$ cat run-v9.pdb   # PDB, C-alpha atoms
MODEL        1
ATOM      1  CA  MET M   1       0.000   0.000   0.000
ATOM      2  CA  LYS M   2       2.794   2.397   0.907
ATOM      3  CA  SER M   3       4.511   2.000  -2.461
ATOM      4  CA  ASN M   4       1.237   2.628  -4.312
ATOM      5  CA  VAL M   5       0.630   5.831  -2.326
ATOM      6  CA  SER M   6       4.184   6.997  -3.012
ATOM      7  CA  LYS M   7       3.715   6.286  -6.700
ATOM      8  CA  LEU M   8       0.487   8.280  -6.824
ATOM      9  CA  LEU M   9       2.078  11.227  -5.006
ATOM     10  CA  SER M  10       5.038  11.121  -7.372
ATOM     11  CA  THR M  11       2.769  11.137 -10.430
ATOM     12  CA  ALA M  12       0.735  14.013  -9.005
ATOM     13  CA  ALA M  13       3.908  15.982  -8.303
ATOM     14  CA  ILE M  14       5.088  15.485 -11.885
ATOM     15  CA  ALA M  15       1.696  16.587 -13.221
ATOM     16  CA  VAL M  16       1.687  19.768 -11.115
ATOM     17  CA  THR M  17       5.294  20.604 -11.981
ATOM     18  CA  VAL M  18       4.837  20.052 -15.692
ATOM     19  CA  SER M  19       1.535  21.934 -15.754
ATOM     20  CA  ALA M  20       3.139  24.909 -14.050
ATOM     21  CA  GLY M  21       6.110  24.862 -16.411
ATOM     22  CA  ALA M  22       4.234  24.202 -19.621
ATOM     23  CA  THR M  23       4.302  27.873 -20.524
ATOM     24  CA  ALA M  24       7.977  27.383 -21.466
ATOM     25  CA  GLY M  25       6.627  26.666 -24.949
ATOM     26  CA  THR M  26       6.655  23.195 -26.494
ATOM     27  CA  LEU M  27       6.502  24.636 -30.000
ATOM     28  CA  ASP M  28       9.729  26.581 -29.434
ATOM     29  CA  ASP M  29      11.380  23.513 -27.900
ATOM     30  CA  VAL M  30      10.294  21.329 -30.812
ATOM     31  CA  LYS M  31      11.589  23.840 -33.377
ATOM     32  CA  ALA M  32      14.908  24.066 -31.521
ATOM     33  CA  LYS M  33      15.536  20.311 -31.516
ATOM     34  CA  GLY M  34      14.235  19.844 -35.066
ATOM     35  CA  PHE M  35      11.704  17.051 -34.549
ATOM     36  CA  ILE M  36       8.611  15.987 -32.604
ATOM     37  CA  GLN M  37       8.911  13.142 -30.100
ATOM     38  CA  CYS M  38       5.689  11.157 -30.395
ATOM     39  CA  GLY M  39       4.539   8.509 -27.923
ATOM     40  CA  VAL M  40       2.788   5.605 -29.645
ATOM     41  CA  SER M  41       1.647   2.053 -28.865
ATOM     42  CA  GLN M  42       3.905  -0.954 -28.861
ATOM     43  CA  GLY M  43       2.123  -2.241 -31.943
ATOM     44  CA  VAL M  44      -1.541  -1.876 -32.925
ATOM     45  CA  PRO M  45      -1.955  -2.363 -36.696
ATOM     46  CA  GLY M  46      -3.757   0.551 -38.316
ATOM     47  CA  PHE M  47      -3.104   2.914 -35.412
ATOM     48  CA  SER M  48       0.613   2.791 -34.597
ATOM     49  CA  ASN M  49       2.677  -0.134 -35.772
ATOM     50  CA  ALA M  50       6.284  -0.537 -36.919
ATOM     51  CA  ASP M  51       7.382  -2.865 -39.731
ATOM     52  CA  ASP M  52      10.542  -4.973 -39.611
ATOM     53  CA  LYS M  53      12.565  -1.957 -40.812
ATOM     54  CA  GLY M  54      11.250   0.301 -38.052
ATOM     55  CA  ASN M  55       8.906   2.326 -40.279
ATOM     56  CA  TRP M  56       5.834   3.464 -38.347
ATOM     57  CA  THR M  57       2.353   3.688 -39.879
ATOM     58  CA  GLY M  58      -1.187   4.200 -38.605
ATOM     59  CA  ILE M  59      -3.850   6.792 -37.845
ATOM     60  CA  ASP M  60      -2.116   7.828 -34.617
ATOM     61  CA  VAL M  61       1.207   8.036 -36.452
ATOM     62  CA  ASP M  62      -0.438  10.276 -39.059
ATOM     63  CA  SER M  63      -1.580  12.679 -36.311
ATOM     64  CA  CYS M  64       2.052  13.163 -35.299
ATOM     65  CA  ARG M  65       3.216  13.427 -38.904
ATOM     66  CA  ALA M  66       0.522  16.054 -39.531
ATOM     67  CA  ALA M  67       1.862  18.134 -36.634
ATOM     68  CA  ALA M  68       5.403  17.776 -38.028
ATOM     69  CA  ALA M  69       4.238  18.878 -41.484
ATOM     70  CA  ALA M  70       2.543  21.904 -39.902
ATOM     71  CA  VAL M  71       5.587  22.887 -37.829
ATOM     72  CA  PHE M  72       8.473  22.033 -40.164
ATOM     73  CA  GLY M  73       6.878  21.641 -43.598
ATOM     74  CA  ASP M  74       8.255  18.085 -43.356
ATOM     75  CA  ALA M  75       6.095  15.222 -42.072
ATOM     76  CA  THR M  76       9.138  12.989 -41.558
ATOM     77  CA  LYS M  77      10.519  15.074 -38.696
ATOM     78  CA  VAL M  78       9.073  12.778 -36.031
ATOM     79  CA  LYS M  79      10.701  10.267 -33.704
ATOM     80  CA  PHE M  80       8.556   7.566 -32.114
ATOM     81  CA  THR M  81       8.623   6.204 -28.570
ATOM     82  CA  PRO M  82       6.681   2.941 -28.084
ATOM     83  CA  LEU M  83       4.888   2.984 -24.728
ATOM     84  CA  SER M  84       2.745   0.589 -22.716
ATOM     85  CA  ALA M  85      -0.607   1.779 -21.385
ATOM     86  CA  LYS M  86       0.944   1.967 -17.921
ATOM     87  CA  GLU M  87       3.889   4.138 -19.068
ATOM     88  CA  ARG M  88       2.180   6.522 -21.476
ATOM     89  CA  PHE M  89       0.951   9.340 -19.207
ATOM     90  CA  THR M  90       4.132   9.552 -17.143
ATOM     91  CA  ALA M  91       6.182   9.818 -20.353
ATOM     92  CA  LEU M  92       4.146  12.858 -21.401
ATOM     93  CA  GLN M  93       4.059  14.434 -17.942
ATOM     94  CA  SER M  94       7.841  14.157 -17.577
ATOM     95  CA  GLY M  95       8.582  15.698 -20.992
ATOM     96  CA  GLU M  96       9.993  12.513 -22.489
ATOM     97  CA  ILE M  97       7.545  12.965 -25.380
ATOM     98  CA  ASP M  98       5.842  16.024 -26.938
ATOM     99  CA  ILE M  99       2.616  14.306 -28.026
ATOM    100  CA  LEU M 100       0.949  11.121 -26.831
ATOM    101  CA  SER M 101      -0.849   9.639 -29.840
ATOM    102  CA  ARG M 102      -1.557   6.107 -28.679
ATOM    103  CA  ASN M 103      -5.218   5.049 -29.103
ATOM    104  CA  THR M 104      -5.938   6.803 -25.794
ATOM    105  CA  THR M 105      -9.479   7.356 -24.536
ATOM    106  CA  TRP M 106     -10.559  10.851 -23.524
ATOM    107  CA  THR M 107     -12.139  10.627 -20.060
ATOM    108  CA  TYR M 108     -13.076  13.118 -17.365
ATOM    109  CA  THR M 109     -10.479  11.845 -14.872
ATOM    110  CA  ARG M 110      -7.635  11.807 -17.366
ATOM    111  CA  ASP M 111      -8.479  15.278 -18.645
ATOM    112  CA  SER M 112      -8.908  16.868 -15.231
ATOM    113  CA  SER M 113      -6.385  15.258 -12.896
ATOM    114  CA  LEU M 114      -3.203  14.279 -14.743
ATOM    115  CA  GLY M 115      -1.902  17.682 -15.829
ATOM    116  CA  LEU M 116      -2.743  16.786 -19.437
ATOM    117  CA  ASP M 117      -5.082  18.034 -22.181
ATOM    118  CA  PHE M 118      -6.787  16.025 -24.886
ATOM    119  CA  THR M 119      -6.698  17.839 -28.221
ATOM    120  CA  THR M 120      -9.466  16.424 -30.406
ATOM    121  CA  VAL M 121     -10.796  13.007 -31.363
ATOM    122  CA  ASN M 122      -9.091  11.291 -34.283
ATOM    123  CA  PHE M 123     -11.114   8.067 -33.953
ATOM    124  CA  TYR M 124     -14.480   7.366 -32.324
ATOM    125  CA  ASP M 125     -14.558   3.865 -30.895
ATOM    126  CA  GLY M 126     -16.204   1.604 -28.332
ATOM    127  CA  GLN M 127     -15.168  -1.447 -26.333
ATOM    128  CA  GLY M 128     -16.115  -4.957 -27.364
ATOM    129  CA  PHE M 129     -15.224  -8.604 -26.935
ATOM    130  CA  MET M 130     -13.555 -11.141 -29.235
ATOM    131  CA  ALA M 131     -14.036 -14.889 -28.849
ATOM    132  CA  ARG M 132     -13.197 -18.023 -30.784
ATOM    133  CA  LYS M 133     -16.077 -19.070 -33.008
ATOM    134  CA  ASP M 134     -15.929 -22.639 -31.707
ATOM    135  CA  LEU M 135     -16.803 -21.325 -28.234
ATOM    136  CA  GLY M 136     -20.335 -20.934 -29.587
ATOM    137  CA  VAL M 137     -20.904 -17.512 -28.021
ATOM    138  CA  GLU M 138     -23.100 -15.061 -29.943
ATOM    139  CA  SER M 139     -23.488 -12.234 -27.421
ATOM    140  CA  ALA M 140     -21.503 -10.644 -24.625
ATOM    141  CA  THR M 141     -24.400 -11.534 -22.306
ATOM    142  CA  ASP M 142     -23.465 -15.206 -22.852
ATOM    143  CA  LEU M 143     -20.072 -14.699 -21.150
ATOM    144  CA  ASP M 144     -21.077 -15.695 -17.607
ATOM    145  CA  GLY M 145     -18.087 -17.447 -16.026
ATOM    146  CA  ALA M 146     -15.712 -16.525 -18.869
ATOM    147  CA  THR M 147     -12.008 -15.906 -18.441
ATOM    148  CA  VAL M 148     -11.237 -12.503 -20.001
ATOM    149  CA  CYS M 149      -7.846 -11.107 -21.076
ATOM    150  CA  THR M 150      -7.072  -7.399 -21.192
ATOM    151  CA  GLU M 151      -4.285  -4.858 -20.712
ATOM    152  CA  GLN M 152      -3.458  -3.231 -17.386
ATOM    153  CA  GLY M 153      -3.873   0.515 -16.862
ATOM    154  CA  THR M 154      -6.653   1.038 -19.407
ATOM    155  CA  THR M 155     -10.280   2.141 -19.416
ATOM    156  CA  THR M 156     -10.903  -1.339 -20.844
ATOM    157  CA  GLU M 157     -10.137  -2.937 -17.497
ATOM    158  CA  LEU M 158     -12.614  -0.654 -15.702
ATOM    159  CA  ASN M 159     -15.354  -0.962 -18.340
ATOM    160  CA  MET M 160     -15.061  -4.752 -18.247
ATOM    161  CA  ALA M 161     -15.700  -4.768 -14.490
ATOM    162  CA  ASP M 162     -18.688  -2.415 -14.917
ATOM    163  CA  PHE M 163     -20.199  -4.552 -17.688
ATOM    164  CA  PHE M 164     -20.094  -7.831 -15.787
ATOM    165  CA  ARG M 165     -21.337  -6.216 -12.577
ATOM    166  CA  LYS M 166     -24.183  -4.411 -14.343
ATOM    167  CA  ASN M 167     -25.359  -7.615 -16.032
ATOM    168  CA  GLY M 168     -24.966  -9.842 -12.967
ATOM    169  CA  LEU M 169     -22.351 -12.026 -14.671
ATOM    170  CA  SER M 170     -19.279 -13.633 -13.143
ATOM    171  CA  TYR M 171     -15.880 -13.589 -14.855
ATOM    172  CA  VAL M 172     -12.205 -14.251 -14.225
ATOM    173  CA  PRO M 173      -9.923 -11.368 -15.319
ATOM    174  CA  VAL M 174      -6.481 -12.057 -16.765
ATOM    175  CA  ILE M 175      -4.640  -8.722 -16.598
ATOM    176  CA  VAL M 176      -1.286  -8.327 -18.385
ATOM    177  CA  GLN M 177       1.133  -5.460 -18.982
ATOM    178  CA  LYS M 178       1.029  -5.191 -22.779
ATOM    179  CA  ALA M 179      -1.574  -5.560 -25.513
ATOM    180  CA  ASP M 180       0.497  -8.168 -27.355
ATOM    181  CA  GLU M 181       0.740 -10.182 -24.121
ATOM    182  CA  ALA M 182      -3.053 -10.091 -23.816
ATOM    183  CA  LEU M 183      -3.381 -11.292 -27.410
ATOM    184  CA  ALA M 184      -0.808 -14.052 -26.830
ATOM    185  CA  ALA M 185      -2.664 -15.200 -23.709
ATOM    186  CA  TYR M 186      -5.901 -15.295 -25.691
ATOM    187  CA  ALA M 187      -4.309 -17.114 -28.645
ATOM    188  CA  SER M 188      -2.803 -19.742 -26.342
ATOM    189  CA  GLY M 189      -6.166 -20.483 -24.731
ATOM    190  CA  ARG M 190      -5.303 -18.950 -21.375
ATOM    191  CA  CYS M 191      -8.545 -16.982 -21.597
ATOM    192  CA  ASP M 192     -11.844 -17.448 -23.411
ATOM    193  CA  VAL M 193     -12.277 -13.831 -24.480
ATOM    194  CA  PHE M 194     -10.123 -10.824 -25.334
ATOM    195  CA  THR M 195     -11.532  -7.347 -24.687
ATOM    196  CA  THR M 196     -10.382  -3.898 -25.828
ATOM    197  CA  ASP M 197     -11.638  -1.172 -28.185
ATOM    198  CA  LYS M 198     -13.364  -2.712 -31.210
ATOM    199  CA  SER M 199     -10.833  -1.150 -33.583
ATOM    200  CA  GLY M 200      -8.089  -2.768 -31.495
ATOM    201  CA  LEU M 201      -9.856  -6.121 -31.648
ATOM    202  CA  ALA M 202      -9.977  -5.889 -35.445
ATOM    203  CA  ALA M 203      -6.303  -4.907 -35.514
ATOM    204  CA  HIS M 204      -5.211  -7.710 -33.190
ATOM    205  CA  ARG M 205      -7.398 -10.284 -34.942
ATOM    206  CA  SER M 206      -5.407  -9.589 -38.115
ATOM    207  CA  LYS M 207      -2.288 -10.848 -36.277
ATOM    208  CA  LEU M 208      -3.794 -14.247 -35.400
ATOM    209  CA  THR M 209      -2.877 -17.371 -37.384
ATOM    210  CA  ASP M 210      -6.484 -17.825 -38.567
ATOM    211  CA  PRO M 211      -8.360 -14.509 -38.159
ATOM    212  CA  ASP M 212     -11.582 -16.017 -39.529
ATOM    213  CA  ALA M 213     -11.721 -18.433 -36.583
ATOM    214  CA  HIS M 214     -12.515 -15.526 -34.257
ATOM    215  CA  ILE M 215     -15.595 -13.346 -33.933
ATOM    216  CA  ILE M 216     -16.038  -9.833 -32.535
ATOM    217  CA  LEU M 217     -19.281  -9.938 -30.571
ATOM    218  CA  PRO M 218     -21.969  -7.395 -31.547
ATOM    219  CA  GLU M 219     -22.217  -5.434 -28.288
ATOM    220  CA  THR M 220     -20.400  -2.123 -27.822
ATOM    221  CA  ILE M 221     -20.187  -1.591 -24.071
ATOM    222  CA  SER M 222     -18.634   1.879 -23.827
ATOM    223  CA  LYS M 223     -17.782   5.160 -25.527
ATOM    224  CA  GLU M 224     -14.087   5.382 -26.437
ATOM    225  CA  PRO M 225     -13.234   8.736 -28.064
ATOM    226  CA  LEU M 226      -9.555   8.361 -28.967
ATOM    227  CA  GLY M 227      -7.138  11.178 -29.686
ATOM    228  CA  PRO M 228      -3.752  12.823 -29.105
ATOM    229  CA  VAL M 229      -2.820  14.239 -25.701
ATOM    230  CA  VAL M 230      -0.476  17.107 -24.735
ATOM    231  CA  ARG M 231       0.647  18.677 -21.470
ATOM    232  CA  HIS M 232      -1.777  21.049 -19.767
ATOM    233  CA  GLY M 233      -1.094  24.779 -19.861
ATOM    234  CA  ASP M 234       0.595  25.113 -23.257
ATOM    235  CA  ASN M 235      -2.290  26.420 -25.342
ATOM    236  CA  GLN M 236      -0.232  27.219 -28.428
ATOM    237  CA  TRP M 237       1.092  23.659 -28.736
ATOM    238  CA  LYS M 238      -2.355  22.231 -28.077
ATOM    239  CA  ASP M 239      -3.744  24.433 -30.880
ATOM    240  CA  VAL M 240      -1.049  23.268 -33.315
ATOM    241  CA  VAL M 241      -1.786  19.582 -32.664
ATOM    242  CA  THR M 242      -5.562  20.098 -32.669
ATOM    243  CA  TRP M 243      -5.716  22.159 -35.850
ATOM    244  CA  SER M 244      -3.390  19.797 -37.718
ATOM    245  CA  ILE M 245      -6.168  17.203 -37.375
ATOM    246  CA  PHE M 246      -8.976  19.706 -38.044
ATOM    247  CA  VAL M 247      -7.211  20.586 -41.311
ATOM    248  CA  GLN M 248      -7.398  16.945 -42.425
ATOM    249  CA  ILE M 249     -11.115  16.757 -41.627
ATOM    250  CA  ASN M 250     -11.902  20.075 -43.349
ATOM    251  CA  ALA M 251      -9.849  19.039 -46.378
ATOM    252  CA  GLU M 252     -11.893  15.881 -46.859
ATOM    253  CA  GLU M 253     -15.122  17.845 -46.525
ATOM    254  CA  MET M 254     -13.879  20.314 -49.183
ATOM    255  CA  GLY M 255     -12.824  17.529 -51.559
ATOM    256  CA  ILE M 256      -9.116  18.274 -51.162
ATOM    257  CA  SER M 257      -6.656  15.378 -51.020
ATOM    258  CA  SER M 258      -2.917  14.835 -51.242
ATOM    259  CA  LYS M 259      -3.418  14.036 -54.947
ATOM    260  CA  ASN M 260      -5.209  17.240 -55.977
ATOM    261  CA  VAL M 261      -4.138  19.834 -53.384
ATOM    262  CA  ALA M 262      -1.465  21.448 -55.611
ATOM    263  CA  GLN M 263      -3.866  21.858 -58.525
ATOM    264  CA  ILE M 264      -6.654  23.202 -56.302
ATOM    265  CA  LYS M 265      -4.343  25.726 -54.666
ATOM    266  CA  SER M 266      -3.295  27.048 -58.081
ATOM    267  CA  ASN M 267      -6.781  27.239 -59.595
ATOM    268  CA  THR M 268      -9.441  27.706 -56.909
ATOM    269  CA  LYS M 269     -11.354  30.934 -56.445
ATOM    270  CA  ASP M 270     -13.118  29.654 -53.311
ATOM    271  CA  PRO M 271     -12.065  32.060 -50.516
ATOM    272  CA  GLY M 272     -12.409  29.394 -47.818
ATOM    273  CA  ILE M 273     -10.116  26.993 -49.655
ATOM    274  CA  ARG M 274      -7.671  29.772 -50.495
ATOM    275  CA  ARG M 275      -7.416  30.676 -46.787
ATOM    276  CA  LEU M 276      -6.968  27.042 -45.823
ATOM    277  CA  LEU M 277      -4.180  26.417 -48.334
ATOM    278  CA  GLY M 278      -2.364  29.700 -47.745
ATOM    279  CA  ALA M 279      -3.131  31.109 -51.187
ATOM    280  CA  GLU M 280      -4.345  34.286 -49.485
ATOM    281  CA  GLY M 281      -3.880  35.677 -46.008
ATOM    282  CA  ASN M 282      -1.615  34.028 -43.451
ATOM    283  CA  MET M 283      -3.644  31.920 -41.071
ATOM    284  CA  GLY M 284      -0.502  30.111 -39.922
ATOM    285  CA  GLU M 285       0.862  33.245 -38.288
ATOM    286  CA  GLN M 286      -1.690  32.954 -35.488
ATOM    287  CA  LEU M 287      -0.229  29.559 -34.546
ATOM    288  CA  GLY M 288       3.402  30.542 -35.011
ATOM    289  CA  LEU M 289       3.528  28.565 -38.272
ATOM    290  CA  SER M 290       4.190  29.337 -41.938
ATOM    291  CA  ALA M 291       1.476  30.379 -44.398
ATOM    292  CA  SER M 292       1.699  26.941 -46.057
ATOM    293  CA  TRP M 293       1.227  24.895 -42.871
ATOM    294  CA  ALA M 294      -2.190  23.473 -43.798
ATOM    295  CA  TYR M 295      -1.151  22.841 -47.399
ATOM    296  CA  ASP M 296       1.864  20.889 -46.127
ATOM    297  CA  VAL M 297      -0.327  18.738 -43.852
ATOM    298  CA  ILE M 298      -2.650  17.786 -46.708
ATOM    299  CA  ALA M 299       0.070  17.338 -49.343
ATOM    300  CA  GLN M 300       2.299  15.168 -47.162
ATOM    301  CA  VAL M 301      -0.116  13.274 -44.889
ATOM    302  CA  GLY M 302      -3.451  13.499 -46.719
ATOM    303  CA  ASN M 303      -6.981  14.281 -45.622
ATOM    304  CA  TYR M 304      -8.736  12.304 -42.879
ATOM    305  CA  GLY M 305     -10.404   9.947 -45.354
ATOM    306  CA  GLU M 306      -7.058   9.075 -46.929
ATOM    307  CA  SER M 307      -5.559   8.330 -43.523
ATOM    308  CA  PHE M 308      -8.529   6.132 -42.602
ATOM    309  CA  GLU M 309      -8.551   4.206 -45.879
ATOM    310  CA  ASN M 310      -4.784   3.693 -45.929
ATOM    311  CA  ASN M 311      -4.562   2.426 -42.369
ATOM    312  CA  VAL M 312      -7.784   0.781 -41.181
ATOM    313  CA  GLY M 313     -10.227   0.867 -44.110
ATOM    314  CA  PRO M 314     -12.012  -2.079 -45.767
ATOM    315  CA  ASN M 315      -9.045  -2.815 -48.074
ATOM    316  CA  THR M 316      -6.548  -3.156 -45.209
ATOM    317  CA  PRO M 317      -6.003  -6.200 -42.944
ATOM    318  CA  VAL M 318      -7.856  -4.318 -40.169
ATOM    319  CA  GLY M 319     -10.880  -3.940 -42.469
ATOM    320  CA  LEU M 320     -13.020  -1.355 -40.675
ATOM    321  CA  PRO M 321     -15.968   0.495 -42.268
ATOM    322  CA  ARG M 322     -16.060   4.291 -41.848
ATOM    323  CA  GLY M 323     -19.252   4.080 -39.780
ATOM    324  CA  ILE M 324     -19.447   6.760 -37.094
ATOM    325  CA  ASN M 325     -16.063   8.088 -38.263
ATOM    326  CA  SER M 326     -17.638   9.363 -41.481
ATOM    327  CA  LEU M 327     -17.970  13.097 -42.071
ATOM    328  CA  TRP M 328     -21.047  14.766 -40.593
ATOM    329  CA  THR M 329     -22.218  15.348 -44.179
ATOM    330  CA  GLU M 330     -22.123  11.557 -44.725
ATOM    331  CA  GLY M 331     -24.005  10.500 -41.586
ATOM    332  CA  GLY M 332     -21.025  10.335 -39.224
ATOM    333  CA  VAL M 333     -19.844  12.595 -36.398
ATOM    334  CA  LEU M 334     -16.631  14.043 -37.866
ATOM    335  CA  TYR M 335     -16.989  17.831 -37.806
ATOM    336  CA  ALA M 336     -14.208  20.400 -37.647
ATOM    337  CA  PRO M 337     -14.450  24.154 -36.978
ATOM    338  CA  PRO M 338     -13.864  26.337 -40.058
ATOM    339  CA  VAL M 339     -10.525  27.943 -40.867
ATOM    340  CA  ARG M 340     -11.446  31.626 -41.051
TER     341      ARG M 340
ENDMDL
END

$ encode --input "run-v9.pdb" --output "structure tokens"
Amino acid sequence: MKSNVSKLLSTAAIAVTVSAGATAGTLDDVKAKGFIQCGVSQGVPGFSNADDKGNWTGIDVDSCRAAAAAVFGDATKVKFTPLSAKERFTALQSGEIDILSRNTTWTYTRDSSLGLDFTTVNFYDGQGFMARKDLGVESATDLDGATVCTEQGTTTELNMADFFRKNGLSYVPVIVQKADEALAAYASGRCDVFTTDKSGLAAHRSKLTDPDAHIILPETISKEPLGPVVRHGDNQWKDVVTWSIFVQINAEEMGISSKNVAQIKSNTKDPGIRRLLGAEGNMGEQLGLSASWAYDVIAQVGNYGESFENNVGPNTPVGLPRGINSLWTEGGVLYAPPVR
């Protein structure tokens, strides 16, 4: 008990110290060192995952690359730090990383008590359960007495407890340190069910020897708005990270992609698009960025739809439909404030 209390006090002290010192200016620090240090997962296909050559891809990776394109005009000026769920917040609080972009759920407690700020949502998700088809389970309400694997230090662990308690079901939790360890425990038969965000289940299922032998159950038991996190108190840096994502969403809504952005910038007479792409005015100046910051984000990283399709869309191993992550004009919830 004593060690846990000490650990909590230490974390709180870091949060207060970092929050108080955040006004030092992350943007200036990032420009001085010449790159953004981005905290990512230890491997979730479609969100943040490294290949055998160490090249990182995914929606969360694209959020960091978009910020780099906005700041430097070069989306490659990012270094990645793989973090477990348990390590991620301390790494940001301590200044080890500049952005945490690691399929992290925005919650009241995290936003209000850790000395951190969520920027915006880059993926709307919800928690679910995956089971082997031969288990014969068709619904999460059939899981009474199940052994369930999940990762320590996540909202998943808490939501799982709430779900079973609410429905009067018994279960045996198997809690491990890393997502890949949870998947390995599930694959080996150590547990009947694996639970995490549904996007994560789809991503991890793609790693299994026979993905088609496993089913993601229909129930969604929670809201999981995922997005990048920065230190509290540095409003300029938060704005840079937030608006780098808003630019991608607005670009898709305006029909601008990495493939046509150069042509549109040269030819458009639309004042809204001209402002966005830096063809008139200098919207970047308000963020401490160049006039071409938004153009660079779109040209080098793409709009939101491109990022989704390239990383988790139906033609990828993850194979997710757009669903709720469609634009508001297409029946989804993606909506970004205007650049004006």

$ resolve_selection --input "run-v9.pdb" --expression "the PyMOL selection byres ((chain M and resi 317) around 10)" --output "list in words"
Pro45, Gly46, Ala202, Ala203, His204, Arg205, Ser206, Lys207, Pro211, Asn311, Val312, Gly313, Pro314, Asn315, Thr316, Val318, Gly319 and Leu320 of chain M

$ axis_aligned_box --input "run-v9.pdb" --around "range 192-203 of chain M" --padding-each-side "8 Å" --output "lines of an AutoDock Vina configuration file"
center_x = -9.8
center_y = -9.3
center_z = -29.5
size_x = 23.1
size_y = 32.3
size_z = 28.1

$ residues_near_point --input "run-v9.pdb" --point "(-15.7, 4.8, -33.9)" --cutoff "9 Å" --atoms "only C-alpha atoms" --output "VMD selection string"
chain M and resid 123 to 126 198 to 199 223 to 226 322 to 325

$ write_last_selection --input "run-v9.pdb" --atoms "C-alpha atoms" --output "PDB file, in the coordinates of the input"
ATOM      1  CA  PHE M 123     -11.114   8.067 -33.953  1.00  0.00           C
ATOM      2  CA  TYR M 124     -14.480   7.366 -32.324  1.00  0.00           C
ATOM      3  CA  ASP M 125     -14.558   3.865 -30.895  1.00  0.00           C
ATOM      4  CA  GLY M 126     -16.204   1.604 -28.332  1.00  0.00           C
ATOM      5  CA  LYS M 198     -13.364  -2.712 -31.210  1.00  0.00           C
ATOM      6  CA  SER M 199     -10.833  -1.150 -33.583  1.00  0.00           C
ATOM      7  CA  LYS M 223     -17.782   5.160 -25.527  1.00  0.00           C
ATOM      8  CA  GLU M 224     -14.087   5.382 -26.437  1.00  0.00           C
ATOM      9  CA  PRO M 225     -13.234   8.736 -28.064  1.00  0.00           C
ATOM     10  CA  LEU M 226      -9.555   8.361 -28.967  1.00  0.00           C
ATOM     11  CA  ARG M 322     -16.060   4.291 -41.848  1.00  0.00           C
ATOM     12  CA  GLY M 323     -19.252   4.080 -39.780  1.00  0.00           C
ATOM     13  CA  ILE M 324     -19.447   6.760 -37.094  1.00  0.00           C
ATOM     14  CA  ASN M 325     -16.063   8.088 -38.263  1.00  0.00           C
TER      15      ASN M 325
END

$ atom_distance --input "run-v9.pdb" --atom1 "CA of Ile215 in chain M" --atom2 "CA of Thr155 in chain M"
21.9 Å

$ resolve_selection --input "run-v9.pdb" --expression "the PyMOL selection byres ((chain M and resi 306) around 12)" --output "PDB file with C-alpha atoms, in the coordinates of the input"
ATOM      1  CA  GLY M  58      -1.187   4.200 -38.605  1.00  0.00           C
ATOM      2  CA  ILE M  59      -3.850   6.792 -37.845  1.00  0.00           C
ATOM      3  CA  ASP M  62      -0.438  10.276 -39.059  1.00  0.00           C
ATOM      4  CA  GLN M 248      -7.398  16.945 -42.425  1.00  0.00           C
ATOM      5  CA  ILE M 249     -11.115  16.757 -41.627  1.00  0.00           C
ATOM      6  CA  ALA M 251      -9.849  19.039 -46.378  1.00  0.00           C
ATOM      7  CA  GLU M 252     -11.893  15.881 -46.859  1.00  0.00           C
ATOM      8  CA  GLU M 253     -15.122  17.845 -46.525  1.00  0.00           C
ATOM      9  CA  GLY M 255     -12.824  17.529 -51.559  1.00  0.00           C
ATOM     10  CA  ILE M 256      -9.116  18.274 -51.162  1.00  0.00           C
ATOM     11  CA  SER M 257      -6.656  15.378 -51.020  1.00  0.00           C
ATOM     12  CA  SER M 258      -2.917  14.835 -51.242  1.00  0.00           C
ATOM     13  CA  LYS M 259      -3.418  14.036 -54.947  1.00  0.00           C
ATOM     14  CA  ILE M 298      -2.650  17.786 -46.708  1.00  0.00           C
ATOM     15  CA  ALA M 299       0.070  17.338 -49.343  1.00  0.00           C
ATOM     16  CA  GLN M 300       2.299  15.168 -47.162  1.00  0.00           C
ATOM     17  CA  VAL M 301      -0.116  13.274 -44.889  1.00  0.00           C
ATOM     18  CA  GLY M 302      -3.451  13.499 -46.719  1.00  0.00           C
ATOM     19  CA  ASN M 303      -6.981  14.281 -45.622  1.00  0.00           C
ATOM     20  CA  TYR M 304      -8.736  12.304 -42.879  1.00  0.00           C
ATOM     21  CA  GLY M 305     -10.404   9.947 -45.354  1.00  0.00           C
ATOM     22  CA  SER M 307      -5.559   8.330 -43.523  1.00  0.00           C
ATOM     23  CA  PHE M 308      -8.529   6.132 -42.602  1.00  0.00           C
ATOM     24  CA  GLU M 309      -8.551   4.206 -45.879  1.00  0.00           C
ATOM     25  CA  ASN M 310      -4.784   3.693 -45.929  1.00  0.00           C
ATOM     26  CA  ASN M 311      -4.562   2.426 -42.369  1.00  0.00           C
ATOM     27  CA  VAL M 312      -7.784   0.781 -41.181  1.00  0.00           C
ATOM     28  CA  GLY M 313     -10.227   0.867 -44.110  1.00  0.00           C
ATOM     29  CA  ARG M 322     -16.060   4.291 -41.848  1.00  0.00           C
ATOM     30  CA  SER M 326     -17.638   9.363 -41.481  1.00  0.00           C
TER      31      SER M 326
END
